[in-house]
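Colleague: upload-v5.cif is reproduced in full below (mmCIF, C-alpha atoms).
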```cif
data_my_file
#
loop_
_atom_site.label_atom_id
_atom_site.label_comp_id
_atom_site.auth_asym_id
_atom_site.auth_seq_id
_atom_site.Cartn_x
_atom_site.Cartn_y
_atom_site.Cartn_z
CA MET A 168 -8.47 42.68 -33.71
CA SER A 169 -11.40 41.02 -32.04
CA CYS A 170 -15.04 41.91 -31.69
CA HIS A 171 -17.70 39.88 -29.92
CA THR A 172 -21.36 40.60 -30.40
CA GLU A 173 -24.54 38.95 -29.29
CA ALA A 174 -27.06 38.99 -32.11
CA PRO A 175 -29.73 41.05 -30.35
CA THR A 176 -32.70 39.74 -32.28
CA GLU A 177 -31.83 36.07 -32.09
CA ALA A 178 -32.68 33.90 -29.13
CA HIS A 179 -30.13 31.62 -27.50
CA ALA A 180 -27.30 32.53 -29.89
CA LEU A 181 -23.63 33.14 -29.12
CA VAL A 182 -21.59 34.87 -31.81
CA LEU A 183 -17.91 35.37 -32.55
CA ASP A 184 -17.41 37.93 -35.34
CA ARG A 185 -13.80 38.70 -36.29
CA VAL A 186 -11.60 39.56 -39.21
CA LEU A 187 -8.80 37.02 -39.69
CA THR A 188 -5.69 37.68 -41.76
CA SER A 189 -5.81 34.49 -43.84
CA PRO A 190 -7.80 34.07 -47.05
CA ARG A 191 -11.06 32.13 -47.11
CA ASP A 192 -9.73 29.09 -48.94
CA LYS A 193 -6.99 28.39 -46.40
CA LEU A 194 -9.36 28.80 -43.45
CA TRP A 195 -11.77 26.46 -45.22
CA ARG A 196 -9.03 23.85 -45.60
CA CYS A 197 -8.24 24.03 -41.87
CA TRP A 198 -11.94 23.51 -41.12
CA THR A 199 -12.44 20.55 -43.47
CA ASP A 200 -9.19 18.55 -43.32
CA PRO A 201 -9.15 16.18 -40.31
CA VAL A 202 -5.36 16.30 -40.05
CA LEU A 203 -5.25 20.10 -40.02
CA MET A 204 -8.13 20.24 -37.57
CA GLU A 205 -6.05 18.44 -34.93
CA GLU A 206 -3.72 21.43 -34.92
CA TRP A 207 -6.16 24.17 -34.05
CA PHE A 208 -9.66 23.02 -33.01
CA CYS A 209 -9.02 23.02 -29.22
CA PRO A 210 -7.30 25.62 -27.05
CA LYS A 211 -3.85 24.14 -26.47
CA PRO A 212 -2.68 22.07 -24.61
CA TRP A 213 -6.01 20.36 -25.37
CA GLN A 214 -6.17 18.70 -28.76
CA VAL A 215 -8.72 16.89 -30.89
CA ARG A 216 -7.85 13.54 -32.44
CA ASP A 217 -9.73 10.83 -34.35
CA VAL A 218 -11.50 13.51 -36.36
CA VAL A 219 -14.10 12.26 -38.84
CA ILE A 220 -15.28 14.72 -41.49
CA ASP A 221 -17.80 13.39 -44.01
CA LEU A 222 -18.48 16.65 -45.80
CA ARG A 223 -22.07 16.32 -47.03
CA PRO A 224 -25.49 17.02 -45.51
CA GLY A 225 -26.04 14.30 -42.92
CA GLY A 226 -22.38 13.28 -43.03
CA GLU A 227 -20.57 12.52 -39.80
CA PHE A 228 -18.57 15.16 -37.93
CA THR A 229 -16.76 13.61 -34.99
CA THR A 230 -14.05 15.11 -32.82
CA VAL A 231 -12.50 13.58 -29.73
CA MET A 232 -11.08 16.16 -27.34
CA HIS A 233 -8.04 15.05 -25.37
CA GLY A 234 -6.87 16.96 -22.31
CA PRO A 235 -3.41 17.15 -20.75
CA GLU A 236 -4.51 14.98 -17.78
CA GLY A 237 -5.84 12.21 -20.01
CA GLU A 238 -9.37 13.58 -20.27
CA VAL A 239 -11.30 12.28 -23.28
CA PHE A 240 -14.48 13.92 -24.59
CA PRO A 241 -15.89 12.44 -27.79
CA ASN A 242 -18.41 14.53 -29.69
CA THR A 243 -20.35 13.25 -32.68
CA GLY A 244 -22.72 15.18 -34.88
CA VAL A 245 -23.54 15.75 -38.52
CA PHE A 246 -23.09 18.41 -41.13
CA LEU A 247 -26.28 20.13 -42.25
CA GLN A 248 -25.08 22.46 -44.99
CA ILE A 249 -21.83 22.89 -46.89
CA ASP A 250 -21.32 25.88 -49.18
CA GLU A 251 -17.76 25.30 -50.38
CA GLY A 252 -15.44 27.98 -49.02
CA ARG A 253 -18.27 30.10 -47.64
CA LYS A 254 -20.49 28.40 -45.09
CA LEU A 255 -20.46 25.34 -42.89
CA VAL A 256 -23.36 24.29 -40.65
CA PHE A 257 -23.28 21.36 -38.25
CA THR A 258 -25.15 20.13 -35.19
CA ASP A 259 -24.97 17.60 -32.38
CA ALA A 260 -28.75 17.09 -32.53
CA PHE A 261 -28.26 14.15 -34.88
CA LEU A 262 -25.99 11.16 -35.16
CA PRO A 263 -25.23 9.84 -38.66
CA GLY A 264 -28.33 8.42 -40.34
CA TRP A 265 -30.34 11.37 -38.97
CA ARG A 266 -30.77 9.52 -35.68
CA PRO A 267 -31.74 11.88 -32.87
CA SER A 268 -28.86 12.30 -30.42
CA GLY A 269 -29.13 12.03 -26.67
CA ARG A 270 -29.32 15.78 -26.25
CA PRO A 271 -29.68 18.43 -28.95
CA PHE A 272 -27.31 21.07 -27.58
CA MET A 273 -26.41 23.38 -30.44
CA VAL A 274 -26.19 24.08 -34.14
CA ALA A 275 -23.08 25.91 -35.30
CA GLU A 276 -22.83 28.10 -38.39
CA ILE A 277 -19.41 29.19 -39.63
CA LEU A 278 -19.35 31.97 -42.23
CA PHE A 279 -16.32 32.97 -44.29
CA GLU A 280 -16.51 36.24 -46.25
CA ASP A 281 -13.83 38.21 -48.05
CA ALA A 282 -13.10 41.21 -45.84
CA PRO A 283 -13.04 44.61 -47.59
CA GLY A 284 -9.48 45.35 -46.49
CA GLY A 285 -8.14 41.85 -47.15
CA GLY A 286 -8.30 38.71 -45.05
CA THR A 287 -11.55 37.08 -44.05
CA ARG A 288 -14.51 38.07 -42.00
CA TYR A 289 -15.11 35.01 -39.83
CA VAL A 290 -18.48 34.70 -38.11
CA ALA A 291 -19.04 31.68 -35.88
CA THR A 292 -22.54 31.41 -34.41
CA ALA A 293 -23.70 28.80 -31.92
CA ARG A 294 -27.47 28.54 -31.67
CA HIS A 295 -29.17 26.57 -28.89
CA TRP A 296 -32.61 25.10 -28.33
CA THR A 297 -32.90 26.54 -24.85
CA ALA A 298 -31.75 29.54 -22.85
CA GLU A 299 -30.20 27.09 -20.39
CA ALA A 300 -28.01 25.49 -23.05
CA SER A 301 -26.91 28.89 -24.31
CA ARG A 302 -26.00 30.04 -20.80
CA GLU A 303 -24.21 26.76 -20.12
CA HIS A 304 -22.21 27.18 -23.32
CA GLU A 305 -21.30 30.73 -22.39
CA GLU A 306 -20.21 29.63 -18.91
CA MET A 307 -18.12 26.83 -20.46
CA GLY A 308 -16.14 29.66 -22.00
CA PHE A 309 -17.61 30.05 -25.47
CA HIS A 310 -16.15 33.52 -26.10
CA GLU A 311 -12.66 32.90 -24.76
CA GLY A 312 -12.49 29.41 -26.27
CA TRP A 313 -13.73 30.22 -29.76
CA ASP A 314 -11.61 33.36 -29.78
CA ALA A 315 -8.48 31.42 -28.81
CA VAL A 316 -9.01 28.73 -31.43
CA ALA A 317 -9.71 31.37 -34.08
CA ASP A 318 -6.19 32.67 -33.36
CA GLN A 319 -4.83 29.12 -33.73
CA LEU A 320 -6.85 28.65 -36.92
CA ASP A 321 -5.53 31.87 -38.45
CA ALA A 322 -1.94 31.06 -37.48
CA LEU A 323 -2.15 27.57 -38.99
CA ALA A 324 -3.82 28.83 -42.19
CA ALA A 325 -0.97 31.32 -42.63
CA THR A 326 1.51 28.43 -42.85
CA LEU A 327 -0.33 26.62 -45.69
CA GLN A 328 0.93 26.63 -49.23
CA GLU A 329 -1.43 27.86 -51.93
CA GLY A 330 -3.89 25.05 -52.63
CA MET B 168 -52.08 -4.96 -47.35
CA SER B 169 -50.67 -3.29 -44.28
CA CYS B 170 -47.90 -4.17 -41.91
CA HIS B 171 -46.73 -2.13 -38.96
CA THR B 172 -43.46 -2.84 -37.26
CA GLU B 173 -41.50 -1.17 -34.54
CA ALA B 174 -37.83 -1.26 -35.44
CA PRO B 175 -36.61 -3.31 -32.50
CA THR B 176 -33.06 -2.02 -32.40
CA GLU B 177 -33.90 1.66 -32.71
CA ALA B 178 -34.87 3.85 -29.80
CA HIS B 179 -37.93 6.12 -29.91
CA ALA B 180 -38.87 5.21 -33.50
CA LEU B 181 -42.32 4.61 -34.98
CA VAL B 182 -42.46 2.88 -38.34
CA LEU B 183 -45.05 2.37 -41.06
CA ASP B 184 -43.85 -0.19 -43.63
CA ARG B 185 -46.27 -0.96 -46.46
CA VAL B 186 -46.40 -1.83 -50.12
CA LEU B 187 -48.42 0.70 -52.12
CA THR B 188 -49.80 0.02 -55.60
CA SER B 189 -48.51 3.22 -57.24
CA PRO B 190 -45.05 3.63 -58.74
CA ARG B 191 -42.34 5.58 -56.92
CA ASP B 192 -42.36 8.61 -59.18
CA LYS B 193 -46.08 9.29 -58.68
CA LEU B 194 -45.83 8.92 -54.90
CA TRP B 195 -42.84 11.26 -54.97
CA ARG B 196 -44.87 13.87 -56.87
CA CYS B 197 -47.64 13.68 -54.25
CA TRP B 198 -45.03 14.23 -51.52
CA THR B 199 -43.28 17.16 -53.16
CA ASP B 200 -46.03 19.16 -54.91
CA PRO B 201 -47.78 21.54 -52.46
CA VAL B 202 -51.04 21.42 -54.40
CA LEU B 203 -51.15 17.63 -54.44
CA MET B 204 -50.18 17.48 -50.77
CA GLU B 205 -53.39 19.29 -49.81
CA GLU B 206 -55.32 16.29 -51.13
CA TRP B 207 -53.82 13.56 -49.02
CA PHE B 208 -51.55 14.71 -46.16
CA CYS B 209 -54.23 14.72 -43.41
CA PRO B 210 -56.89 12.13 -42.63
CA LYS B 211 -60.06 13.60 -44.12
CA PRO B 212 -62.08 15.69 -43.27
CA TRP B 213 -58.91 17.38 -41.99
CA GLN B 214 -56.83 19.03 -44.68
CA VAL B 215 -53.53 20.85 -44.97
CA ARG B 216 -53.34 24.20 -46.74
CA ASP B 217 -50.72 26.90 -47.23
CA VAL B 218 -48.12 24.23 -47.88
CA VAL B 219 -44.57 25.46 -48.42
CA ILE B 220 -42.08 23.00 -49.92
CA ASP B 221 -38.58 24.32 -50.56
CA LEU B 222 -37.00 21.07 -51.64
CA ARG B 223 -33.35 21.40 -50.59
CA PRO B 224 -31.40 20.69 -47.38
CA GLY B 225 -32.45 23.41 -44.93
CA GLY B 226 -35.38 24.43 -47.11
CA GLU B 227 -38.71 25.20 -45.51
CA PHE B 228 -41.42 22.58 -45.12
CA THR B 229 -44.59 24.11 -43.74
CA THR B 230 -48.06 22.63 -43.50
CA VAL B 231 -51.09 24.15 -41.85
CA MET B 232 -53.62 21.57 -40.71
CA HIS B 233 -57.25 22.68 -40.82
CA GLY B 234 -59.95 20.77 -38.97
CA PRO B 235 -63.69 20.59 -39.67
CA GLU B 236 -64.47 22.75 -36.60
CA GLY B 237 -62.11 25.53 -37.69
CA GLU B 238 -59.06 24.16 -35.88
CA VAL B 239 -55.78 25.46 -37.25
CA PHE B 240 -52.41 23.83 -36.52
CA PRO B 241 -49.42 25.29 -38.33
CA ASN B 242 -46.27 23.22 -38.45
CA THR B 243 -42.96 24.49 -39.80
CA GLY B 244 -39.76 22.55 -40.24
CA VAL B 245 -37.01 21.99 -42.76
CA PHE B 246 -35.88 19.31 -45.16
CA LEU B 247 -32.62 17.59 -44.24
CA GLN B 248 -32.04 15.26 -47.18
CA ILE B 249 -33.63 14.83 -50.59
CA ASP B 250 -32.74 11.82 -52.76
CA GLU B 251 -34.96 12.41 -55.79
CA GLY B 252 -37.65 9.72 -56.00
CA ARG B 253 -36.11 7.61 -53.24
CA LYS B 254 -35.77 9.31 -49.89
CA LEU B 255 -37.04 12.38 -48.09
CA VAL B 256 -35.94 13.43 -44.60
CA PHE B 257 -37.37 16.37 -42.69
CA THR B 258 -37.60 17.60 -39.10
CA ASP B 259 -39.35 20.13 -36.90
CA ALA B 260 -36.15 20.64 -34.86
CA PHE B 261 -35.21 23.59 -37.07
CA LEU B 262 -36.91 26.56 -38.60
CA PRO B 263 -35.56 27.90 -41.91
CA GLY B 264 -32.04 29.28 -41.53
CA TRP B 265 -31.17 26.37 -39.25
CA ARG B 266 -32.70 28.22 -36.32
CA PRO B 267 -33.51 25.86 -33.44
CA SER B 268 -37.27 25.43 -33.08
CA GLY B 269 -39.21 25.71 -29.85
CA ARG B 270 -39.28 21.97 -29.39
CA PRO B 271 -37.45 19.32 -31.39
CA PHE B 272 -40.18 16.68 -31.63
CA MET B 273 -39.28 14.36 -34.49
CA VAL B 274 -37.35 13.66 -37.64
CA ALA B 275 -39.24 11.81 -40.38
CA GLU B 276 -37.66 9.62 -43.04
CA ILE B 277 -39.76 8.53 -46.02
CA LEU B 278 -38.32 5.75 -48.18
CA PHE B 279 -39.63 4.74 -51.60
CA GLU B 280 -38.35 1.47 -53.09
CA ASP B 281 -39.51 -0.50 -56.10
CA ALA B 282 -41.38 -3.50 -54.69
CA PRO B 283 -40.43 -6.92 -56.14
CA GLY B 284 -43.99 -7.66 -57.29
CA GLY B 285 -44.69 -4.15 -58.61
CA GLY B 286 -45.75 -1.02 -56.81
CA THR B 287 -43.67 0.64 -54.13
CA ARG B 288 -42.42 -0.35 -50.75
CA TYR B 289 -43.17 2.70 -48.64
CA VAL B 290 -41.39 3.03 -45.29
CA ALA B 291 -42.21 6.05 -43.16
CA THR B 292 -40.19 6.32 -39.95
CA ALA B 293 -40.67 8.94 -37.24
CA ARG B 294 -37.71 9.19 -34.87
CA HIS B 295 -37.90 11.17 -31.63
CA TRP B 296 -35.40 12.64 -29.20
CA THR B 297 -37.15 11.20 -26.18
CA ALA B 298 -39.24 8.20 -25.20
CA GLU B 299 -41.92 10.66 -24.06
CA ALA B 300 -42.19 12.25 -27.50
CA SER B 301 -42.39 8.85 -29.16
CA ARG B 302 -45.14 7.70 -26.80
CA GLU B 303 -47.00 10.98 -27.26
CA HIS B 304 -46.81 10.57 -31.05
CA GLU B 305 -48.09 7.01 -30.79
CA GLU B 306 -50.96 8.12 -28.57
CA MET B 307 -51.79 10.92 -31.04
CA GLY B 308 -52.55 8.06 -33.43
CA PHE B 309 -49.34 7.68 -35.43
CA HIS B 310 -50.18 4.23 -36.77
CA GLU B 311 -53.81 4.85 -37.66
CA GLY B 312 -53.09 8.33 -39.02
CA TRP B 313 -50.07 7.52 -41.16
CA ASP B 314 -51.80 4.37 -42.40
CA ALA B 315 -54.92 6.30 -43.39
CA VAL B 316 -52.98 9.01 -45.23
CA ALA B 317 -50.89 6.36 -47.02
CA ASP B 318 -54.19 5.07 -48.43
CA GLN B 319 -55.10 8.61 -49.52
CA LEU B 320 -51.62 9.07 -50.99
CA ASP B 321 -51.84 5.85 -52.98
CA ALA B 322 -55.34 6.65 -54.25
CA LEU B 323 -54.29 10.14 -55.38
CA ALA B 324 -51.11 8.87 -57.04
CA ALA B 325 -53.19 6.38 -59.02
CA THR B 326 -55.09 9.27 -60.64
CA LEU B 327 -51.96 11.07 -61.89
CA GLN B 328 -50.94 11.07 -65.54
CA GLU B 329 -47.46 9.84 -66.40
CA GLY B 330 -45.03 12.65 -65.62
#
```
Using structure tokens, write down the structure from this file.
Modeller:
Amino acid sequence: MSCHTEAPTEAHALVLDRVLTSPRDKLWRCWTDPVLMEEWFCPKPWQVRDVVIDLRPGGEFTTVMHGPEGEVFPNTGVFLQIDEGRKLVFTDAFLPGWRPSGRPFMVAEILFEDAPGGGTRYVATARHWTAEASREHEEMGFHEGWDAVADQLDALAATLQEG
Amino acid sequence: MSCHTEAPTEAHALVLDRVLTSPRDKLWRCWTDPVLMEEWFCPKPWQVRDVVIDLRPGGEFTTVMHGPEGEVFPNTGVFLQIDEGRKLVFTDAFLPGWRPSGRPFMVAEILFEDAPGGGTRYVATARHWTAEASREHEEMGFHEGWDAVADQLDALAATLQEG
């Protein structure tokens, strides 16, 4: 089951809003463990490696995307807010030490809520400083990409033992 | 005593680095109490009013500057990091709720350290996303303005009772 919505009242935002089958705590572990993140964070056959997760406000969040033809795209940002098991906010507008990055592209908010019928309502929102950045992100395949990795995330979470 | 330095290794940064006579805790109170902030945050006869200080990461920081001719300049941002009595980081890149602002202009870091000879080493750094923003901030009178309000801050702190 999949449902994409644009938040109508919010400028420059792209939203993925789905119900996943796994419980919140397992999804949270996949989001915050660098080793687990390698397994799901990119649409396969792409993969992230060298993941750095310093889970505190201002702490580093680095992923390096590797493509099947040897492509390498490093991406460094920082976490802004961490509500254990419920909410994660990060941005590429800063490098660690609150240093302004070359280009503030987006801030991402990931919400995890218990779904009424079981599983987890998973809402991933990417907010941008400009309409151009939002459109660029959409054309890069935001909906398809975030949807595909949400499937990978849910599948991986389902394999985890109770924490 | 006043000493301005540009951090030579840091891009687009403006720095005020001074030793103030007041202790850290009193300077901190002046920075974090909305009522006290009205007394010192603008070079007089300008004054801020309607100050909102929600002292947590992502919490609102709003000041409204009022000029002697009726000028009104509202400015809303958020706090990024609060180390009680030691460090305060805020930016205008976000509105509350981590919503991207119209224009990310700067991130400010205010450091308070016990000075070896008494008083407080006070380091206020404004970092910008672009060279243009940094130059604009300098031309707006960063050095003179932040220096003048540091004097006002120190004078006000000196009048406070022990907390």
Colleague: Hey, what's within 8 Å of His179 (chain A) if we count all atoms listed in the file and toss same-chain stuff fewer than 3 positions away? As a PyMOL selection string, please?
Modeller: chain A and resi 294-298+300-301
Colleague: On this structure, the PyMOL selection byres ((chain A) within 8 of (chain B)) would catch which residues? List them as a list in words, sorted by chain and number.
Modeller: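 Selection result, ordered by chain and number: Pro224, Gly225, Leu247, Gln248, Trp265, Arg266, Pro267, Ser268, Gly269, Arg270, Val274, Arg294, His295 and Trp296 of chain A.
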Colleague: Convert the output of the PyMOL selection byres ((chain B and resi 322-324) around 7) on the shown file into explicit residues, formatted as a PyMOL selection string.
Modeller: chain B and resi 189+193-194+197+318-321+325-327
Colleague: Pull the neighbourhood of (-44.7, 1.3, -49.2) for me: all residues within 7 Å in file coordinates, counting all atoms listed in the file, as a PDB file with C-alpha atoms, in the coordinates of the input.
Modeller:
```pdb
ATOM      1  CA  ASP B 184     -43.850  -0.190 -43.630  1.00  0.00           C
ATOM      2  CA  ARG B 185     -46.270  -0.960 -46.460  1.00  0.00           C
ATOM      3  CA  VAL B 186     -46.400  -1.830 -50.120  1.00  0.00           C
ATOM      4  CA  LEU B 187     -48.420   0.700 -52.120  1.00  0.00           C
ATOM      5  CA  PHE B 279     -39.630   4.740 -51.600  1.00  0.00           C
ATOM      6  CA  THR B 287     -43.670   0.640 -54.130  1.00  0.00           C
ATOM      7  CA  ARG B 288     -42.420  -0.350 -50.750  1.00  0.00           C
ATOM      8  CA  TYR B 289     -43.170   2.700 -48.640  1.00  0.00           C
ATOM      9  CA  VAL B 290     -41.390   3.030 -45.290  1.00  0.00           C
TER      10      VAL B 290
END
```
Colleague: The PyMOL selection byres ((chain B and resi 226-235) around 7) on the file shown: which residues, as a list in words?
Modeller: Pro212, Trp213, Gln214, Val215, Arg216, Asp217, Val218, Val219, Ile220, Asp221, Leu222, Arg223, Pro224, Gly225, Glu236, Gly237, Glu238, Val239, Phe240, Pro241, Asn242, Thr243, Gly244, Val245, Phe246 and Pro263 of chain B
Colleague: Could you work out how far CA of Leu181 (chain A) lies from CA of Thr292 (chain A), giving the answer in Å with one decimal?
Modeller: 5.7 Å
Colleague: Quick one: distance from CA of Pro201 (chain B) to CA of Leu262 (chain B) in Å, one decimal?
Modeller: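 If I compute the distance from CA of Pro201 (chain B) to CA of Leu262 (chain B), I get 18.3 Å.
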Colleague: Counting only C-alpha atoms, which residue out of A:Cys209, A:Leu183, A:Gly252, A:Glu311 sits closest to Trp195 (chain A)?
Modeller: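 Using only C-alpha atoms, Trp195 (chain A) sits closest to A:Gly252.
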Colleague: So how many Å separate CA of Ala315 (chain A) and CA of Phe208 (chain A), to one decimal?
Modeller: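 Atom-to-atom, CA of Ala315 (chain A) and CA of Phe208 (chain A) are spaced 9.5 Å apart.
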